[in-house]
>>> print(open('model39.pdb').read())   # PDB, C-alpha atoms, pLDDT in the B column
MODEL        1
ATOM      1  CA  MET A   1      85.998  97.631 113.632  1.00 85.00           C
ATOM      2  CA  LYS A   2      88.852  95.353 114.719  1.00 91.00           C
ATOM      3  CA  ASN A   3      91.884  96.725 116.536  1.00 95.00           C
ATOM      4  CA  PHE A   4      94.296  94.656 114.456  1.00 93.00           C
ATOM      5  CA  ILE A   5      95.197  93.804 110.889  1.00 89.00           C
ATOM      6  CA  LYS A   6      96.466  90.293 110.137  1.00 92.00           C
ATOM      7  CA  GLU A   7      98.364  89.979 106.865  1.00 92.00           C
ATOM      8  CA  ASP A   8      98.254  86.475 105.367  1.00 92.00           C
ATOM      9  CA  ASP A   9      99.184  87.261 101.778  1.00 94.00           C
ATOM     10  CA  PRO A  10     101.934  89.879 101.369  1.00 96.00           C
ATOM     11  CA  PHE A  11     102.144  91.822  98.116  1.00 95.00           C
ATOM     12  CA  VAL A  12     105.054  90.717  95.919  1.00 96.00           C
ATOM     13  CA  VAL A  13     106.521  93.906  94.478  1.00 94.00           C
ATOM     14  CA  PRO A  14     107.557  93.480  90.828  1.00 92.00           C
ATOM     15  CA  THR A  15     111.303  94.012  90.293  1.00 93.00           C
ATOM     16  CA  ASP A  16     113.703  93.630  87.385  1.00 91.00           C
ATOM     17  CA  ASP A  17     116.822  92.806  89.406  1.00 92.00           C
ATOM     18  CA  MET A  18     116.049  89.333  90.858  1.00 94.00           C
ATOM     19  CA  LYS A  19     115.220  90.843  94.273  1.00 96.00           C
ATOM     20  CA  LEU A  20     112.189  89.360  96.019  1.00 97.00           C
ATOM     21  CA  ILE A  21     110.170  91.945  97.960  1.00 97.00           C
ATOM     22  CA  GLU A  22     107.184  90.756  99.981  1.00 97.00           C
ATOM     23  CA  GLU A  23     105.515  93.835 101.455  1.00 97.00           C
ATOM     24  CA  HIS A  24     103.302  93.014 104.438  1.00 97.00           C
ATOM     25  CA  PHE A  25     102.304  96.595 105.241  1.00 96.00           C
ATOM     26  CA  GLY A  26     102.848  99.813 103.311  1.00 95.00           C
ATOM     27  CA  ASN A  27     101.990 101.767 100.187  1.00 91.00           C
ATOM     28  CA  ALA A  28     102.170  98.881  97.702  1.00 89.00           C
ATOM     29  CA  SER A  29     100.307  96.246  99.724  1.00 92.00           C
ATOM     30  CA  ASN A  30      97.483  97.808 101.710  1.00 91.00           C
ATOM     31  CA  LYS A  31      98.096 101.585 101.709  1.00 89.00           C
ATOM     32  CA  TYR A  32      99.164 101.511 105.362  1.00 91.00           C
ATOM     33  CA  GLU A  33     100.415 105.069 105.933  1.00 93.00           C
ATOM     34  CA  LYS A  34     102.551 104.881 109.102  1.00 95.00           C
ATOM     35  CA  CYS A  35     105.340 102.532 107.975  1.00 97.00           C
ATOM     36  CA  SER A  36     106.191  99.796 105.526  1.00 97.00           C
ATOM     37  CA  ILE A  37     107.348  96.316 106.499  1.00 98.00           C
ATOM     38  CA  ALA A  38     108.787  93.952 103.902  1.00 98.00           C
ATOM     39  CA  ARG A  39     110.760  90.715 103.716  1.00 98.00           C
ATOM     40  CA  MET A  40     113.512  90.741 101.097  1.00 98.00           C
ATOM     41  CA  GLU A  41     115.639  88.090  99.418  1.00 98.00           C
ATOM     42  CA  VAL A  42     118.546  89.108  97.208  1.00 98.00           C
ATOM     43  CA  PRO A  43     120.783  86.900  95.061  1.00 98.00           C
ATOM     44  CA  PRO A  44     124.577  86.856  95.129  1.00 98.00           C
ATOM     45  CA  ARG A  45     126.218  89.821  93.344  1.00 98.00           C
ATOM     46  CA  TRP A  46     123.013  91.907  93.531  1.00 98.00           C
ATOM     47  CA  LYS A  47     123.148  95.690  93.915  1.00 96.00           C
ATOM     48  CA  GLU A  48     120.870  98.721  93.810  1.00 95.00           C
ATOM     49  CA  PRO A  49     121.753 102.233  92.707  1.00 96.00           C
ATOM     50  CA  HIS A  50     122.500 104.867  95.343  1.00 98.00           C
ATOM     51  CA  GLN A  51     119.488 106.563  96.862  1.00 97.00           C
ATOM     52  CA  ASN A  52     118.758 109.474  99.173  1.00 98.00           C
ATOM     53  CA  PRO A  53     115.462 108.538 100.880  1.00 98.00           C
ATOM     54  CA  GLU A  54     113.166 110.810 102.852  1.00 98.00           C
ATOM     55  CA  PHE A  55     112.437 107.963 105.309  1.00 98.00           C
ATOM     56  CA  ASP A  56     114.315 106.109 108.043  1.00 98.00           C
ATOM     57  CA  GLU A  57     115.037 102.488 107.086  1.00 98.00           C
ATOM     58  CA  PHE A  58     115.629  99.727 109.609  1.00 98.00           C
ATOM     59  CA  THR A  59     117.162  96.441 108.424  1.00 98.00           C
ATOM     60  CA  LEU A  60     117.156  93.123 110.317  1.00 98.00           C
ATOM     61  CA  MET A  61     119.374  90.487 108.690  1.00 98.00           C
ATOM     62  CA  VAL A  62     117.916  86.978 108.802  1.00 98.00           C
ATOM     63  CA  LYS A  63     120.324  85.023 106.604  1.00 98.00           C
ATOM     64  CA  GLY A  64     123.573  85.762 104.817  1.00 98.00           C
ATOM     65  CA  LYS A  65     125.031  89.250 104.728  1.00 97.00           C
ATOM     66  CA  LYS A  66     124.890  92.427 102.684  1.00 98.00           C
ATOM     67  CA  MET A  67     126.928  95.557 102.270  1.00 98.00           C
ATOM     68  CA  VAL A  68     125.479  98.979 103.011  1.00 98.00           C
ATOM     69  CA  GLU A  69     127.299 102.106 101.842  1.00 98.00           C
ATOM     70  CA  ILE A  70     126.188 105.132 103.887  1.00 98.00           C
ATOM     71  CA  ASP A  71     127.609 108.538 102.993  1.00 98.00           C
ATOM     72  CA  GLY A  72     130.750 106.830 101.669  1.00 96.00           C
ATOM     73  CA  GLU A  73     131.254 104.452 104.634  1.00 98.00           C
ATOM     74  CA  LYS A  74     130.915 100.691 103.947  1.00 98.00           C
ATOM     75  CA  ILE A  75     129.239  98.475 106.547  1.00 98.00           C
ATOM     76  CA  ILE A  76     128.843  94.694 106.345  1.00 98.00           C
ATOM     77  CA  LEU A  77     125.584  93.612 107.955  1.00 98.00           C
ATOM     78  CA  GLU A  78     125.447  89.941 108.997  1.00 98.00           C
ATOM     79  CA  GLU A  79     122.814  87.488 110.210  1.00 98.00           C
ATOM     80  CA  GLY A  80     121.181  88.660 113.445  1.00 98.00           C
ATOM     81  CA  GLN A  81     122.424  92.241 113.137  1.00 98.00           C
ATOM     82  CA  THR A  82     120.272  95.321 112.673  1.00 98.00           C
ATOM     83  CA  LEU A  83     120.913  98.724 111.173  1.00 98.00           C
ATOM     84  CA  LEU A  84     119.112 102.067 111.033  1.00 98.00           C
ATOM     85  CA  VAL A  85     119.859 104.323 108.076  1.00 98.00           C
ATOM     86  CA  LYS A  86     118.402 107.752 108.781  1.00 98.00           C
ATOM     87  CA  ALA A  87     116.438 109.801 106.282  1.00 98.00           C
ATOM     88  CA  GLY A  88     118.639 112.026 104.133  1.00 98.00           C
ATOM     89  CA  ALA A  89     121.653 109.711 104.017  1.00 98.00           C
ATOM     90  CA  ARG A  90     123.105 108.745 100.640  1.00 98.00           C
ATOM     91  CA  VAL A  91     122.845 104.961 100.791  1.00 98.00           C
ATOM     92  CA  ARG A  92     123.434 101.948  98.570  1.00 98.00           C
ATOM     93  CA  TYR A  93     122.478  98.365  99.387  1.00 98.00           C
ATOM     94  CA  SER A  94     124.246  95.412  97.762  1.00 98.00           C
ATOM     95  CA  ASN A  95     125.144  91.755  98.160  1.00 98.00           C
ATOM     96  CA  PRO A  96     128.645  91.431  96.682  1.00 98.00           C
ATOM     97  CA  PHE A  97     128.979  87.994  98.286  1.00 98.00           C
ATOM     98  CA  ASP A  98     128.607  84.451  96.891  1.00 98.00           C
ATOM     99  CA  GLU A  99     125.524  83.512  98.953  1.00 98.00           C
ATOM    100  CA  PRO A 100     121.967  84.857  98.823  1.00 98.00           C
ATOM    101  CA  ALA A 101     120.767  87.107 101.651  1.00 98.00           C
ATOM    102  CA  GLU A 102     117.439  87.484 103.442  1.00 98.00           C
ATOM    103  CA  TYR A 103     116.376  90.434 105.565  1.00 98.00           C
ATOM    104  CA  TRP A 104     113.415  92.489 106.770  1.00 98.00           C
ATOM    105  CA  SER A 105     113.070  96.189 106.094  1.00 98.00           C
ATOM    106  CA  VAL A 106     110.948  98.686 108.030  1.00 98.00           C
ATOM    107  CA  CYS A 107     110.584 102.211 106.635  1.00 98.00           C
ATOM    108  CA  LEU A 108     109.203 105.182 108.575  1.00 98.00           C
ATOM    109  CA  PRO A 109     107.276 106.786 106.913  1.00 97.00           C
ATOM    110  CA  PRO A 110     106.552 104.008 104.398  1.00 97.00           C
ATOM    111  CA  PHE A 111     108.709 103.385 101.341  1.00 96.00           C
ATOM    112  CA  SER A 112     107.587 105.229  98.236  1.00 93.00           C
ATOM    113  CA  LEU A 113     109.093 105.568  94.772  1.00 91.00           C
ATOM    114  CA  ASP A 114     108.420 109.298  95.117  1.00 94.00           C
ATOM    115  CA  THR A 115     110.516 109.606  98.303  1.00 96.00           C
ATOM    116  CA  VAL A 116     113.372 107.124  97.747  1.00 96.00           C
ATOM    117  CA  HIS A 117     115.211 109.333  95.213  1.00 97.00           C
ATOM    118  CA  ARG A 118     117.202 106.613  93.439  1.00 95.00           C
ATOM    119  CA  GLU A 119     120.117 107.779  91.321  1.00 95.00           C
ATOM    120  CA  LYS A 120     120.414 106.670  87.708  1.00 89.00           C
ATOM    121  CA  ARG A 121     122.574 103.570  87.309  1.00 70.00           C
TER     122      ARG A 121
ENDMDL
END
>>> encode(input="model39.pdb", output="structure tokens")
Amino acid sequence: MKNFIKEDDPFVVPTDDMKLIEEHFGNASNKYEKCSIARMEVPPRWKEPHQNPEFDEFTLMVKGKKMVEIDGEKIILEEGQTLLVKAGARVRYSNPFDEPAEYWSVCLPPFSLDTVHREKR
């Protein structure tokens, strides 16, 4: 058994909001149970509903910027910046800007539809 896993073909998670999610490790791609790692691209004016996840989520901005609302506080995250949103926070991610944004997301434990607790739009 090898002591590494090389991911050459990330799983593209189907979405209905023009968001590209390429999961390299996690529940959707290869059932990796310790964390999920995904590259995201979001178009201008994109937004998700509020959520109250049971996992910590780290974001590393690669290109552009996005807004993160955490427990009512708005934060603008720009290229090269990182952010940790702790489990249990009420959070909403959006790109209210005129340019697309690209970022990486790491969730501990891994992202799951059962543990993200998205609010109805």
>>> closest_residue(input="model39.pdb", among="A:Val62, A:Pro14, A:Arg45, A:Thr82", to="A:Asp98", atoms="all atoms listed in the file")
A:Arg45
>>> residues_around(input="model39.pdb", residues="A:Leu20", least_positions_apart="5", cutoff="8 Å", atoms="all atoms listed in the file", output="NGL selection string")
:A and (12-13 or 15 or 39-42)
>>> closest_residue(input="model39.pdb", among="A:Asp114, A:Ser94, A:Ile76, A:Asp9", to="A:Ser29", atoms="all atoms listed in the file")
A:Asp9
>>> resolve_selection(input="model39.pdb", expression="the PyMOL selection byres ((chain A and resi 116) around 8)", output="mmCIF file with C-alpha atoms, in the frame of the given file")
data_model
loop_
_atom_site.group_PDB
_atom_site.id
_atom_site.type_symbol
_atom_site.label_atom_id
_atom_site.label_comp_id
_atom_site.auth_asym_id
_atom_site.auth_seq_id
_atom_site.Cartn_x
_atom_site.Cartn_y
_atom_site.Cartn_z
ATOM 1 C CA GLN A 51 119.488 106.563 96.862
ATOM 2 C CA ASN A 52 118.758 109.474 99.173
ATOM 3 C CA PRO A 53 115.462 108.538 100.880
ATOM 4 C CA GLU A 54 113.166 110.810 102.852
ATOM 5 C CA PHE A 55 112.437 107.963 105.309
ATOM 6 C CA PHE A 111 108.709 103.385 101.341
ATOM 7 C CA SER A 112 107.587 105.229 98.236
ATOM 8 C CA LEU A 113 109.093 105.568 94.772
ATOM 9 C CA ASP A 114 108.420 109.298 95.117
ATOM 10 C CA THR A 115 110.516 109.606 98.303
ATOM 11 C CA HIS A 117 115.211 109.333 95.213
ATOM 12 C CA ARG A 118 117.202 106.613 93.439
#
>>> resolve_selection(input="model39.pdb", expression="the PyMOL selection byres ((chain A and resi 83-93) around 12)", output="short mmCIF file (atom, residue, chain, number, x, y, z; two decimals) with C-alpha atoms, in the coordinates of the input")
data_model
loop_
_atom_site.label_atom_id
_atom_site.label_comp_id
_atom_site.auth_asym_id
_atom_site.auth_seq_id
_atom_site.Cartn_x
_atom_site.Cartn_y
_atom_site.Cartn_z
CA LYS A 19 115.22 90.84 94.27
CA MET A 40 113.51 90.74 101.10
CA VAL A 42 118.55 89.11 97.21
CA ARG A 45 126.22 89.82 93.34
CA TRP A 46 123.01 91.91 93.53
CA LYS A 47 123.15 95.69 93.92
CA GLU A 48 120.87 98.72 93.81
CA PRO A 49 121.75 102.23 92.71
CA HIS A 50 122.50 104.87 95.34
CA GLN A 51 119.49 106.56 96.86
CA ASN A 52 118.76 109.47 99.17
CA PRO A 53 115.46 108.54 100.88
CA GLU A 54 113.17 110.81 102.85
CA PHE A 55 112.44 107.96 105.31
CA ASP A 56 114.32 106.11 108.04
CA GLU A 57 115.04 102.49 107.09
CA PHE A 58 115.63 99.73 109.61
CA THR A 59 117.16 96.44 108.42
CA LEU A 60 117.16 93.12 110.32
CA MET A 61 119.37 90.49 108.69
CA LYS A 65 125.03 89.25 104.73
CA LYS A 66 124.89 92.43 102.68
CA MET A 67 126.93 95.56 102.27
CA VAL A 68 125.48 98.98 103.01
CA GLU A 69 127.30 102.11 101.84
CA ILE A 70 126.19 105.13 103.89
CA ASP A 71 127.61 108.54 102.99
CA GLY A 72 130.75 106.83 101.67
CA GLU A 73 131.25 104.45 104.63
CA LYS A 74 130.92 100.69 103.95
CA ILE A 75 129.24 98.48 106.55
CA ILE A 76 128.84 94.69 106.34
CA LEU A 77 125.58 93.61 107.96
CA GLU A 78 125.45 89.94 109.00
CA GLU A 79 122.81 87.49 110.21
CA GLY A 80 121.18 88.66 113.44
CA GLN A 81 122.42 92.24 113.14
CA THR A 82 120.27 95.32 112.67
CA SER A 94 124.25 95.41 97.76
CA ASN A 95 125.14 91.76 98.16
CA PRO A 96 128.65 91.43 96.68
CA ALA A 101 120.77 87.11 101.65
CA TYR A 103 116.38 90.43 105.56
CA TRP A 104 113.42 92.49 106.77
CA SER A 105 113.07 96.19 106.09
CA VAL A 106 110.95 98.69 108.03
CA CYS A 107 110.58 102.21 106.64
CA LEU A 108 109.20 105.18 108.58
CA PRO A 109 107.28 106.79 106.91
CA PRO A 110 106.55 104.01 104.40
CA PHE A 111 108.71 103.38 101.34
CA THR A 115 110.52 109.61 98.30
CA VAL A 116 113.37 107.12 97.75
CA HIS A 117 115.21 109.33 95.21
CA ARG A 118 117.20 106.61 93.44
CA GLU A 119 120.12 107.78 91.32
CA ARG A 121 122.57 103.57 87.31
#
>>> atom_distance(input="model39.pdb", atom1="atom CA of A:Pro43", atom2="atom CA of A:Lys31")
27.8 Å
>>> closest_residue(input="model39.pdb", among="A:Lys63, A:Phe25, A:Asn3, A:Glu102", to="A:Ala38", atoms="only C-alpha atoms")
A:Phe25
>>> residues_around(input="model39.pdb", residues="A:Ile5", least_positions_apart="3", cutoff="12 Å", atoms="only C-alpha atoms", output="number ranges by chain")
A: 1-2, 8-9, 24-25, 30, 32
>>> atom_distance(input="model39.pdb", atom1="atom CA of A:Asp17", atom2="atom CA of A:Pro44")
11.3 Å
>>> atom_distance(input="model39.pdb", atom1="atom CA of A:Lys120", atom2="atom CA of A:Glu23")
24.0 Å
>>> decode(input="model39.pdb", residues="stretch 12-29 of chain A", atoms="C-alpha atoms", output="PDB file, in the first residue's frame")
ATOM      1  CA  VAL A  12     -16.647  18.274 -10.660  1.00  0.00           C
ATOM      2  CA  VAL A  13     -19.573  18.713  -8.285  1.00  0.00           C
ATOM      3  CA  PRO A  14     -22.825  19.444 -10.147  1.00  0.00           C
ATOM      4  CA  THR A  15     -24.302  22.851  -9.242  1.00  0.00           C
ATOM      5  CA  ASP A  16     -27.202  24.956 -10.473  1.00  0.00           C
ATOM      6  CA  ASP A  17     -25.720  28.372  -9.683  1.00  0.00           C
ATOM      7  CA  MET A  18     -22.807  28.674 -12.172  1.00  0.00           C
ATOM      8  CA  LYS A  19     -20.265  27.839  -9.439  1.00  0.00           C
ATOM      9  CA  LEU A  20     -17.467  25.488 -10.480  1.00  0.00           C
ATOM     10  CA  ILE A  21     -16.432  23.081  -7.713  1.00  0.00           C
ATOM     11  CA  GLU A  22     -13.525  20.726  -8.363  1.00  0.00           C
ATOM     12  CA  GLU A  23     -13.184  18.480  -5.318  1.00  0.00           C
ATOM     13  CA  HIS A  24      -9.746  16.872  -5.063  1.00  0.00           C
ATOM     14  CA  PHE A  25     -10.348  15.072  -1.767  1.00  0.00           C
ATOM     15  CA  GLY A  26     -13.526  14.566   0.238  1.00  0.00           C
ATOM     16  CA  ASN A  27     -16.930  12.918   0.337  1.00  0.00           C
ATOM     17  CA  ALA A  28     -17.935  13.581  -3.281  1.00  0.00           C
ATOM     18  CA  SER A  29     -14.649  12.678  -4.979  1.00  0.00           C
TER      19      SER A  29
END
